[in-house]
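The structure appears below as structure tokens.
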Amino acid sequence: MNTLSLLSPAKLNLMLHITGQRDDGYHQLQTLFQLLDYGDTLHFQTREDRELQLSPAIAGVAQDDNLIIRAARLLQQQATTPQGATIKLEKVLPMGGGIGGGSSNAATTLLALNQLWKLHLSIDQLAKLGLQLGADVPVFVRGHSAWAEGVGEQLQAIDIPESWYFVAKPDCEVSTAEIFSHKRLTRNTSPITIAAVLKQGGHNDCEAVVRACYPAVDAALRWLDSLSQTNDNNPARLTGTGACVFAQCPDRESAEQILHQLPNGLQGFIAKGVNISPTHQALSL
Ligand SMILES: C[C@@](CO)(OP(=O)(O)O)[C@H](O)COP(=O)(O)OP(=O)(O)OC[C@H]1O[C@@H](n2ccc(N)nc2=O)[C@H](O)[C@@H]1O
Ligand SMILES: Nc1ncnc2c1ncn2[C@@H]1O[C@H](COP(=O)(O)OP(=O)(O)O)[C@@H](O)[C@H]1O
């Protein structure tokens with residue numbers, strides 16, 4: 001086997017509490033990562049010359065900065081393989097939206113090339129490598145919906161009811177660093193247990209600051225909230241540091257109904273929450 005085509009799924013942060021800040025400035029979080037059955041598709045073909053070729057390029061992202069190339073190169077360095085890869089990317093996930101597309105692409109690349117290059121690195125080793133590329137890469141490498149603590153690196157796999165979601169991306173990109181350095185960000189939410197979150201839900205501490213700084217996010221949340229409340233769903237929420245917003249829906253039809261009413265200026269999609277990543281399902285991990 002020298003080719004593989006894999007889905008590279010998105011994630012949602014169903015809640016994100018900020019419980020403190022470390023001396024190095026990084027924030028202590030509690031968050032529930034929900035993997036989705038929707039994402040980009042990556043096609044891999046091995047080559048014998050150590051070259052890494054990716055197409056098409058992403059506008060505004062230099063090839064060497066693309067997380068797919070960075071992940072492949074990291075793996076080549078780690079495992080001194082003579083092989084390379086030709087990689088094709090079908091991008092459907094909006095970027096800079098808090099749904100983890102870049103992190104997921106990096107994780108899918110690590111998992112795919114580990115298998116194609118027959119490197120036999122363990123999931124623990126790949127997750128450790130992934131952390132060098134971004135805080136959200138390990139959850140995609142591990143491939144299970146998870147409860148995360150610390151600065152997001154302490155992961156515990158968890159089964160969450162596999163609901164349907166509607167997700168919308170307002171026409172703006174939110175800088176994670178800007179939100180985490182904002183002086184009005186809530187940083188002292190009391191720690192909560194997983195059991196309490198599963199019973200009573202949670203909130204996103206970034207939401208107030210993101211709404212204040214990005215009117216398009218505020219408008220999207222208000223629009224989605226009015227629809228979700230009419231449909232008796234949960235309130236609309238922000239994922240990660242945004243800009244994407246989402247609503248949990250009782251079934252596929254309710255999610256589709258919201259999608260059909262999508263106003264101008266928003267991109268949207270529907271997806272099902274999954275406990276096991278479609279990448280892992282395809283690789284039988
Ligand atoms: C908070 C999350 C939740 O999923 O937001 P999203 O990126 O998904 O929106 C992520 O963990 C983000 O991960 P990622 O986007 O990889 O963040 P990084 O590049 O590691 O950090 C960007 C900047 O955010 C700040 N940062 C990030 C994570 C954290 N726990 N505390 C922080 O203070 C730091 O200033 C850092 O320089
Ligand atoms: N393969 C990739 N897919 C998406 N973004 C990438 C990729 N490689 C590098 N990036 C950069 O990473 C940034 C964050 O991407 P992404 O993970 O999609 O957003 P977020 O961290 O908000 O969930 C993008 O804005 C882009 O500049």
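Letters for chains follow the order of the structure tokens (A, B, ...), residue numbers begin at 1 for each chain, and ligand numbers begin at 1 in the order shown.
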
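The shell of residues at most 9 Å from His27 in chain A, with only C-alpha atoms counted and near chain neighbours (fewer than 6 positions) removed, consists of A:Ile18, A:Thr19, A:Gly20, A:Gln21, A:Gly150, A:Val151, A:Gly152, A:Phe180, A:Arg187.
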
key: Residues flagged strand (DSSP E or B) by DSSP in range 75-171 of chain A, as a VMD selection string   = chain A and resid 84 to 90 144 146 to 149 154 to 157 164 to 170

Proximity check chain A to ligand 1, 9 Å, nearest pairs one decimal Å, only C-alpha atoms and all ligand atoms, as JSON lines:
{"residue": "A:Lys11", "atom": "CA", "partner": "ligand 1", "partner_atom_place_in_ligand_line": "8 (O)", "distance": 8.3}
{"residue": "A:Leu12", "atom": "CA", "partner": "ligand 1", "partner_atom_place_in_ligand_line": "4 (O)", "distance": 7.7}
{"residue": "A:Asn13", "atom": "CA", "partner": "ligand 1", "partner_atom_place_in_ligand_line": "4 (O)", "distance": 6.2}
{"residue": "A:Leu16", "atom": "CA", "partner": "ligand 1", "partner_atom_place_in_ligand_line": "3 (C)", "distance": 7.4}
{"residue": "A:Ile18", "atom": "CA", "partner": "ligand 1", "partner_atom_place_in_ligand_line": "30 (N)", "distance": 8.5}
{"residue": "A:Gln21", "atom": "CA", "partner": "ligand 1", "partner_atom_place_in_ligand_line": "33 (O)", "distance": 7.5}
{"residue": "A:Arg22", "atom": "CA", "partner": "ligand 1", "partner_atom_place_in_ligand_line": "33 (O)", "distance": 8.6}
{"residue": "A:Asp24", "atom": "CA", "partner": "ligand 1", "partner_atom_place_in_ligand_line": "33 (O)", "distance": 8.6}
{"residue": "A:Gly25", "atom": "CA", "partner": "ligand 1", "partner_atom_place_in_ligand_line": "33 (O)", "distance": 5.7}
{"residue": "A:Tyr26", "atom": "CA", "partner": "ligand 1", "partner_atom_place_in_ligand_line": "33 (O)", "distance": 3.6}
{"residue": "A:His27", "atom": "CA", "partner": "ligand 1", "partner_atom_place_in_ligand_line": "31 (N)", "distance": 3.7}
{"residue": "A:Gln28", "atom": "CA", "partner": "ligand 1", "partner_atom_place_in_ligand_line": "30 (N)", "distance": 5.7}
{"residue": "A:Leu29", "atom": "CA", "partner": "ligand 1", "partner_atom_place_in_ligand_line": "30 (N)", "distance": 6.1}
{"residue": "A:Thr31", "atom": "CA", "partner": "ligand 1", "partner_atom_place_in_ligand_line": "3 (C)", "distance": 7.5}
{"residue": "A:Phe33", "atom": "CA", "partner": "ligand 1", "partner_atom_place_in_ligand_line": "4 (O)", "distance": 7.6}
{"residue": "A:Gly96", "atom": "CA", "partner": "ligand 1", "partner_atom_place_in_ligand_line": "9 (O)", "distance": 7.4}
{"residue": "A:Gly97", "atom": "CA", "partner": "ligand 1", "partner_atom_place_in_ligand_line": "9 (O)", "distance": 6.6}
{"residue": "A:Gly98", "atom": "CA", "partner": "ligand 1", "partner_atom_place_in_ligand_line": "9 (O)", "distance": 3.5}
{"residue": "A:Ile99", "atom": "CA", "partner": "ligand 1", "partner_atom_place_in_ligand_line": "8 (O)", "distance": 5.9}
{"residue": "A:Gly100", "atom": "CA", "partner": "ligand 1", "partner_atom_place_in_ligand_line": "8 (O)", "distance": 5.6}
{"residue": "A:Ser103", "atom": "CA", "partner": "ligand 1", "partner_atom_place_in_ligand_line": "16 (O)", "distance": 7.3}
{"residue": "A:Leu131", "atom": "CA", "partner": "ligand 1", "partner_atom_place_in_ligand_line": "16 (O)", "distance": 8.6}
{"residue": "A:Leu133", "atom": "CA", "partner": "ligand 1", "partner_atom_place_in_ligand_line": "16 (O)", "distance": 7.6}
{"residue": "A:Gly134", "atom": "CA", "partner": "ligand 1", "partner_atom_place_in_ligand_line": "16 (O)", "distance": 4.0}
{"residue": "A:Ala135", "atom": "CA", "partner": "ligand 1", "partner_atom_place_in_ligand_line": "16 (O)", "distance": 4.1}
{"residue": "A:Asp136", "atom": "CA", "partner": "ligand 1", "partner_atom_place_in_ligand_line": "11 (O)", "distance": 5.3}
{"residue": "A:Val137", "atom": "CA", "partner": "ligand 1", "partner_atom_place_in_ligand_line": "16 (O)", "distance": 7.5}
{"residue": "A:Gly150", "atom": "CA", "partner": "ligand 1", "partner_atom_place_in_ligand_line": "30 (N)", "distance": 7.5}
{"residue": "A:Val151", "atom": "CA", "partner": "ligand 1", "partner_atom_place_in_ligand_line": "30 (N)", "distance": 3.9}
{"residue": "A:Gly152", "atom": "CA", "partner": "ligand 1", "partner_atom_place_in_ligand_line": "11 (O)", "distance": 5.7}
{"residue": "A:Glu153", "atom": "CA", "partner": "ligand 1", "partner_atom_place_in_ligand_line": "11 (O)", "distance": 8.4}
{"residue": "A:Val174", "atom": "CA", "partner": "ligand 1", "partner_atom_place_in_ligand_line": "9 (O)", "distance": 8.0}
{"residue": "A:Ser175", "atom": "CA", "partner": "ligand 1", "partner_atom_place_in_ligand_line": "22 (C)", "distance": 8.0}
{"residue": "A:Thr176", "atom": "CA", "partner": "ligand 1", "partner_atom_place_in_ligand_line": "24 (O)", "distance": 4.9}
{"residue": "A:Ala177", "atom": "CA", "partner": "ligand 1", "partner_atom_place_in_ligand_line": "23 (C)", "distance": 3.9}
{"residue": "A:Glu178", "atom": "CA", "partner": "ligand 1", "partner_atom_place_in_ligand_line": "24 (O)", "distance": 7.4}
{"residue": "A:Ile179", "atom": "CA", "partner": "ligand 1", "partner_atom_place_in_ligand_line": "24 (O)", "distance": 7.6}
{"residue": "A:Phe180", "atom": "CA", "partner": "ligand 1", "partner_atom_place_in_ligand_line": "33 (O)", "distance": 5.0}
{"residue": "A:Ser181", "atom": "CA", "partner": "ligand 1", "partner_atom_place_in_ligand_line": "35 (O)", "distance": 6.6}
{"residue": "A:Cys206", "atom": "CA", "partner": "ligand 1", "partner_atom_place_in_ligand_line": "1 (C)", "distance": 8.8}
{"residue": "A:Thr239", "atom": "CA", "partner": "ligand 1", "partner_atom_place_in_ligand_line": "9 (O)", "distance": 6.6}
{"residue": "A:Gly240", "atom": "CA", "partner": "ligand 1", "partner_atom_place_in_ligand_line": "9 (O)", "distance": 3.6}
{"residue": "A:Thr241", "atom": "CA", "partner": "ligand 1", "partner_atom_place_in_ligand_line": "9 (O)", "distance": 3.8}
{"residue": "A:Gly242", "atom": "CA", "partner": "ligand 1", "partner_atom_place_in_ligand_line": "9 (O)", "distance": 5.4}
{"residue": "A:Ala243", "atom": "CA", "partner": "ligand 1", "partner_atom_place_in_ligand_line": "9 (O)", "distance": 7.7}
{"residue": "A:Cys244", "atom": "CA", "partner": "ligand 1", "partner_atom_place_in_ligand_line": "9 (O)", "distance": 8.8}

Next, write the just-selected residues to a file, as a CSV table (one decimal), in the first residue's frame, keeping N, CA and C atoms as the atom set.
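See result-v6.csv below for the written result:
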chain,number,residue,atom,x,y,z
A,11,LYS,N,-13.2,20.1,15.1
A,11,LYS,CA,-13.6,19.9,16.5
A,11,LYS,C,-14.4,21.1,16.9
A,12,LEU,N,-15.2,20.9,18.0
A,12,LEU,CA,-15.8,22.0,18.7
A,12,LEU,C,-15.4,22.0,20.1
A,13,ASN,N,-15.2,23.2,20.8
A,13,ASN,CA,-15.1,23.2,22.2
A,13,ASN,C,-16.5,23.4,22.7
A,16,LEU,N,-15.6,26.1,27.4
A,16,LEU,CA,-14.1,26.4,27.6
A,16,LEU,C,-14.1,27.4,28.8
A,18,ILE,N,-11.8,29.2,31.7
A,18,ILE,CA,-10.4,29.6,32.1
A,18,ILE,C,-10.3,29.7,33.6
A,21,GLN,N,-4.0,31.5,35.3
A,21,GLN,CA,-2.9,31.8,34.3
A,21,GLN,C,-1.6,31.4,34.9
A,22,ARG,N,-0.7,30.8,34.1
A,22,ARG,CA,0.6,30.4,34.6
A,22,ARG,C,1.6,31.6,34.6
A,24,ASP,N,4.2,31.8,32.9
A,24,ASP,CA,4.7,32.1,31.6
A,24,ASP,C,3.6,32.7,30.7
A,25,GLY,N,2.4,33.1,31.3
A,25,GLY,CA,1.4,33.8,30.6
A,25,GLY,C,0.3,32.8,30.0
A,26,TYR,N,0.6,31.5,29.8
A,26,TYR,CA,-0.3,30.6,29.3
A,26,TYR,C,-1.5,30.4,30.3
A,27,HIS,N,-2.7,30.2,29.7
A,27,HIS,CA,-3.9,30.1,30.5
A,27,HIS,C,-4.2,28.6,30.8
A,28,GLN,N,-4.7,28.4,32.1
A,28,GLN,CA,-5.2,27.1,32.5
A,28,GLN,C,-6.6,27.0,32.1
A,29,LEU,N,-6.9,25.9,31.4
A,29,LEU,CA,-8.2,25.7,30.8
A,29,LEU,C,-8.9,24.5,31.3
A,31,THR,N,-11.7,22.3,29.1
A,31,THR,CA,-12.5,22.3,27.9
A,31,THR,C,-13.0,20.9,27.5
A,33,PHE,N,-13.6,18.8,24.2
A,33,PHE,CA,-13.4,18.7,22.8
A,33,PHE,C,-14.3,17.7,22.2
A,96,GLY,N,-8.9,29.6,10.8
A,96,GLY,CA,-8.8,30.6,11.9
A,96,GLY,C,-10.2,30.7,12.6
A,97,GLY,N,-10.9,29.6,12.7
A,97,GLY,CA,-12.3,29.7,13.2
A,97,GLY,C,-12.5,29.0,14.5
A,98,GLY,N,-11.4,28.4,15.1
A,98,GLY,CA,-11.6,27.7,16.3
A,98,GLY,C,-12.1,26.3,16.2
A,99,ILE,N,-12.2,25.8,14.9
A,99,ILE,CA,-12.6,24.4,14.7
A,99,ILE,C,-11.4,23.5,14.4
A,100,GLY,N,-10.2,24.0,14.5
A,100,GLY,CA,-9.0,23.2,14.5
A,100,GLY,C,-8.6,22.6,13.2
A,103,SER,N,-4.8,22.2,12.8
A,103,SER,CA,-4.3,21.2,13.8
A,103,SER,C,-4.7,19.8,13.4
A,131,LEU,N,2.2,18.0,19.7
A,131,LEU,CA,2.2,19.1,20.6
A,131,LEU,C,3.2,20.2,20.2
A,133,LEU,N,3.6,21.2,17.3
A,133,LEU,CA,3.0,21.9,16.2
A,133,LEU,C,1.9,22.8,16.7
A,134,GLY,N,1.2,22.5,17.8
A,134,GLY,CA,0.1,23.3,18.3
A,134,GLY,C,-0.6,22.6,19.4
A,135,ALA,N,-1.3,23.4,20.2
A,135,ALA,CA,-1.9,22.8,21.5
A,135,ALA,C,-3.0,21.9,21.1
A,136,ASP,N,-3.7,22.1,20.0
A,136,ASP,CA,-4.8,21.2,19.6
A,136,ASP,C,-4.5,20.0,18.8
A,137,VAL,N,-3.2,19.8,18.5
A,137,VAL,CA,-2.9,18.6,17.6
A,137,VAL,C,-3.1,17.3,18.3
A,150,GLY,N,-5.1,21.6,32.3
A,150,GLY,CA,-3.8,22.2,32.1
A,150,GLY,C,-3.9,23.3,31.2
A,151,VAL,N,-2.9,23.4,30.2
A,151,VAL,CA,-3.1,24.5,29.2
A,151,VAL,C,-3.7,23.8,27.9
A,152,GLY,N,-4.4,22.7,28.2
A,152,GLY,CA,-5.1,22.0,27.1
A,152,GLY,C,-4.4,20.7,26.8
A,153,GLU,N,-3.2,20.4,27.4
A,153,GLU,CA,-2.4,19.3,27.0
A,153,GLU,C,-2.8,18.0,27.8
A,174,VAL,N,-10.4,35.5,14.2
A,174,VAL,CA,-10.1,36.0,15.5
A,174,VAL,C,-8.6,35.5,15.9
A,175,SER,N,-7.8,36.4,16.4
A,175,SER,CA,-6.5,36.0,16.8
A,175,SER,C,-6.5,35.4,18.2
A,176,THR,N,-6.1,34.2,18.4
A,176,THR,CA,-6.1,33.5,19.7
A,176,THR,C,-5.2,34.3,20.7
A,177,ALA,N,-4.1,34.8,20.2
A,177,ALA,CA,-3.2,35.5,21.1
A,177,ALA,C,-3.8,36.8,21.6
A,178,GLU,N,-4.6,37.5,20.7
A,178,GLU,CA,-5.2,38.7,21.1
A,178,GLU,C,-6.2,38.5,22.2
A,179,ILE,N,-7.0,37.4,22.0
A,179,ILE,CA,-8.1,37.2,23.0
A,179,ILE,C,-7.5,36.8,24.4
A,180,PHE,N,-6.4,35.9,24.3
A,180,PHE,CA,-5.8,35.5,25.6
A,180,PHE,C,-5.0,36.7,26.3
A,181,SER,N,-4.7,37.7,25.5
A,181,SER,CA,-4.0,38.8,26.2
A,181,SER,C,-4.9,40.0,26.5
A,206,CYS,N,-14.2,32.9,26.7
A,206,CYS,CA,-13.7,33.8,25.7
A,206,CYS,C,-14.8,34.6,25.0
A,239,THR,N,-16.9,28.5,19.7
A,239,THR,CA,-15.9,27.4,19.8
A,239,THR,C,-14.5,28.0,19.9
A,240,GLY,N,-13.7,27.5,20.9
A,240,GLY,CA,-12.4,28.0,21.1
A,240,GLY,C,-12.4,29.5,21.3
A,241,THR,N,-11.5,30.1,20.6
A,241,THR,CA,-11.4,31.6,20.7
A,241,THR,C,-12.2,32.2,19.5
A,242,GLY,N,-13.0,31.3,18.8
A,242,GLY,CA,-13.8,31.8,17.6
A,242,GLY,C,-12.9,31.8,16.4
A,243,ALA,N,-13.5,32.3,15.3
A,243,ALA,CA,-14.7,33.0,15.2
A,243,ALA,C,-16.0,32.1,15.0
A,244,CYS,N,-15.8,30.8,14.9
A,244,CYS,CA,-17.0,30.0,14.6
A,244,CYS,C,-18.0,29.9,15.8

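Of the residues under consideration (A:Leu224, A:Ala59, A:Ala168, A:Val197), A:Ala59 shows the shortest atom-to-atom contact distance to ligand 2 when counting only C-alpha atoms and all ligand atoms.
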
ask   = What is the distance, in Å and to one decimal place, between CA of Leu32 in chain A and CA of Ser163 in chain A?
value = 14.0 Å

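In this model, the gap between CA of Lys199 in chain A and CA of Ile160 in chain A comes to 11.2 Å.
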
ask   = Using only C-alpha atoms, which residues sit within 12 Å of Leu121 in chain A once same-chain residues fewer than 6 positions away are excluded, as number ranges by chain?
value = A: 75-76, 78-79, 110-115, 127-129, 141

Could you write out the selected residues, including C-alpha atoms, as an mmCIF file, in the first residue's frame?
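Result went into result.cif, see below:
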data_model
loop_
_atom_site.group_PDB
_atom_site.id
_atom_site.type_symbol
_atom_site.label_atom_id
_atom_site.label_comp_id
_atom_site.auth_asym_id
_atom_site.auth_seq_id
_atom_site.Cartn_x
_atom_site.Cartn_y
_atom_site.Cartn_z
ATOM 1 C CA LEU A 75 8.175 12.951 11.202
ATOM 2 C CA GLN A 76 10.986 12.638 8.625
ATOM 3 C CA GLN A 78 12.226 12.012 13.981
ATOM 4 C CA ALA A 79 12.300 8.712 12.124
ATOM 5 C CA LEU A 110 1.309 12.286 11.298
ATOM 6 C CA LEU A 111 -1.078 9.311 11.427
ATOM 7 C CA ALA A 112 -1.069 8.698 7.660
ATOM 8 C CA LEU A 113 2.683 8.940 7.065
ATOM 9 C CA ASN A 114 3.474 6.891 10.175
ATOM 10 C CA GLN A 115 1.472 4.118 8.521
ATOM 11 C CA ALA A 127 0.815 13.021 20.165
ATOM 12 C CA LYS A 128 4.051 14.280 21.721
ATOM 13 C CA LEU A 129 5.367 15.274 18.299
ATOM 14 C CA VAL A 141 -3.796 12.380 17.028
#

message = For range 255-271 of chain A, find every residue with an atom within 7 Å (counting only C-alpha atoms), except residues of its own chain fewer than 5 positions away, and show them as a list in words.
response = Leu36, Asp37, Tyr38, Trp164, Tyr165, Phe166, Val167, Ala168, Lys169, Pro170, Asp171 and Cys249 of chain A

Test item, alpha helix (DSSP H) assignment across range 181-264 of chain A, answer as a short mmCIF file (atom, residue, chain, number, x, y, z; two decimals) with C-alpha atoms, in the first residue's frame:
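Below you can see selection-v3.cif, which holds the result:
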data_model
loop_
_atom_site.label_atom_id
_atom_site.label_comp_id
_atom_site.auth_asym_id
_atom_site.auth_seq_id
_atom_site.Cartn_x
_atom_site.Cartn_y
_atom_site.Cartn_z
CA ILE A 194 -16.43 16.45 34.17
CA ALA A 195 -19.53 14.97 35.77
CA ALA A 196 -20.90 18.46 36.50
CA VAL A 197 -20.20 19.64 32.95
CA LEU A 198 -21.93 16.60 31.45
CA LYS A 199 -24.94 17.21 33.70
CA GLN A 200 -25.34 20.99 33.57
CA GLU A 207 -17.14 34.61 24.37
CA ALA A 208 -17.74 38.01 26.05
CA VAL A 209 -14.42 39.47 24.88
CA VAL A 210 -14.75 38.02 21.35
CA ARG A 211 -18.30 39.44 21.07
CA ALA A 212 -17.08 42.86 22.19
CA CYS A 213 -14.11 42.90 19.77
CA PRO A 215 -19.32 42.58 16.00
CA ALA A 216 -19.72 39.91 13.27
CA VAL A 217 -19.39 37.18 15.92
CA ASP A 218 -21.87 38.95 18.19
CA ALA A 219 -24.37 39.23 15.31
CA ALA A 220 -23.92 35.56 14.36
CA LEU A 221 -24.52 34.43 17.96
CA ARG A 222 -27.64 36.59 18.27
CA TRP A 223 -29.01 35.27 14.95
CA LEU A 224 -28.30 31.64 15.87
CA ASP A 225 -29.65 32.08 19.39
CA SER A 226 -32.96 33.40 18.11
CA LEU A 227 -33.34 30.36 15.81
CA SER A 228 -32.09 27.80 18.32
CA GLN A 229 -34.39 29.07 21.03
CA THR A 230 -37.34 28.90 18.64
CA ARG A 252 -30.15 16.29 11.44
CA GLU A 253 -33.34 17.93 10.12
CA SER A 254 -33.21 20.77 12.70
CA ALA A 255 -29.56 21.42 11.81
CA GLU A 256 -30.46 21.49 8.09
CA GLN A 257 -33.33 23.89 8.77
CA ILE A 258 -30.90 26.38 10.33
CA LEU A 259 -28.48 25.93 7.40
CA HIS A 260 -31.28 26.77 4.93
#

ask   = With distances taken over only C-alpha atoms and all ligand atoms, which of A:Leu67, A:Leu93, A:Ala148, A:Ile58 is nearest to ligand 2?
value = A:Leu67

inquiry  = Can you tell me which residues surround Asp49 in chain A at a distance of at most 8 Å, considering only C-alpha atoms, apart from same-chain residues fewer than 6 positions away, and format the answer as a count of residues only?
reply    = 3

inquiry  = I'd like the contact shell of Val92 in chain A - 12 Å cut-off, only C-alpha atoms, skipping same-chain residues fewer than 2 positions apart - returned as a ChimeraX atom specification.
reply    = /A:7-10,38-42,58,89-90,94-95,99,101-102,105,267-269

For N, CA and C atoms, I'd like the residues from the last selection saved as a CSV table (one decimal), in the first residue's frame.
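Dumped to result_35.csv:
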chain,number,residue,atom,x,y,z
A,7,LEU,N,-10.2,11.5,5.9
A,7,LEU,CA,-10.9,12.7,6.4
A,7,LEU,C,-10.1,13.3,7.5
A,8,SER,N,-10.0,14.6,7.6
A,8,SER,CA,-9.3,15.3,8.6
A,8,SER,C,-10.3,16.2,9.3
A,9,PRO,N,-10.9,15.7,10.4
A,9,PRO,CA,-12.1,16.3,11.0
A,9,PRO,C,-11.9,17.6,11.7
A,10,ALA,N,-13.0,18.3,11.9
A,10,ALA,CA,-13.1,19.5,12.7
A,10,ALA,C,-13.4,19.1,14.2
A,38,TYR,N,-17.1,15.8,10.1
A,38,TYR,CA,-17.0,16.6,8.9
A,38,TYR,C,-15.6,17.3,8.9
A,39,GLY,N,-15.0,17.3,7.7
A,39,GLY,CA,-13.7,18.0,7.6
A,39,GLY,C,-13.1,18.0,6.3
A,40,ASP,N,-11.8,18.3,6.2
A,40,ASP,CA,-11.0,18.3,5.0
A,40,ASP,C,-10.7,16.9,4.6
A,41,THR,N,-10.3,16.7,3.3
A,41,THR,CA,-9.8,15.3,2.9
A,41,THR,C,-8.4,15.5,2.4
A,42,LEU,N,-7.5,14.6,2.9
A,42,LEU,CA,-6.1,14.6,2.5
A,42,LEU,C,-5.8,13.3,1.8
A,58,ILE,N,-2.3,26.8,0.2
A,58,ILE,CA,-3.4,27.6,0.9
A,58,ILE,C,-3.0,29.1,0.7
A,89,LEU,N,-4.7,18.3,-0.9
A,89,LEU,CA,-5.6,18.8,0.2
A,89,LEU,C,-6.9,19.3,-0.4
A,90,GLU,N,-8.0,18.7,0.0
A,90,GLU,CA,-9.3,19.2,-0.3
A,90,GLU,C,-9.8,20.0,0.9
A,94,PRO,N,-13.4,26.2,7.3
A,94,PRO,CA,-12.9,27.6,7.4
A,94,PRO,C,-11.7,27.7,8.3
A,95,MET,N,-10.8,28.6,7.9
A,95,MET,CA,-9.5,28.7,8.7
A,95,MET,C,-9.6,29.8,9.8
A,99,ILE,N,-12.2,25.8,14.9
A,99,ILE,CA,-12.6,24.4,14.7
A,99,ILE,C,-11.4,23.5,14.4
A,101,GLY,N,-9.0,23.2,12.1
A,101,GLY,CA,-8.6,22.6,10.8
A,101,GLY,C,-7.2,22.3,10.6
A,102,GLY,N,-6.3,23.3,10.9
A,102,GLY,CA,-4.9,23.2,10.7
A,102,GLY,C,-4.3,22.2,11.6
A,105,ASN,N,-5.3,18.8,10.3
A,105,ASN,CA,-4.5,18.4,9.1
A,105,ASN,C,-3.1,17.9,9.5
A,267,GLN,N,-20.6,31.6,6.5
A,267,GLN,CA,-20.5,30.3,5.9
A,267,GLN,C,-21.0,29.3,6.9
A,268,GLY,N,-21.6,28.2,6.5
A,268,GLY,CA,-22.1,27.3,7.5
A,268,GLY,C,-22.0,25.8,7.0
A,269,PHE,N,-22.1,24.9,8.0
A,269,PHE,CA,-22.1,23.5,7.7
A,269,PHE,C,-22.8,22.8,8.8

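Using only C-alpha atoms, the contacts of Ile158 in chain A at a cut-off of 8 Å, with sequence neighbours closer than 3 positions omitted, comprise His144, Ser145, Ala146, Trp147 and Asn275 of chain A.
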
Prev. selection, C-alpha atoms, output as a PDB file, in the first residue's frame:
ATOM      1  CA  HIS A 144     -11.246  10.541  20.713  1.00  0.00           C
ATOM      2  CA  SER A 145     -13.526  13.272  22.054  1.00  0.00           C
ATOM      3  CA  ALA A 146     -11.868  14.440  25.244  1.00  0.00           C
ATOM      4  CA  TRP A 147     -11.879  16.462  28.424  1.00  0.00           C
ATOM      5  CA  ASN A 275     -16.587  10.024  19.878  1.00  0.00           C
TER       6      ASN A 275
END

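Taking only C-alpha atoms and all ligand atoms into account, ligand 2 lies nearest to A:Thr109 out of the set A:Thr109, A:Thr186, A:Gln125, A:Gln248.
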
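Shortest atom-to-atom contact with ligand 2 among A:Asn204, A:Thr80, A:Thr108, A:Gln154: A:Thr108, counting only C-alpha atoms and all ligand atoms.
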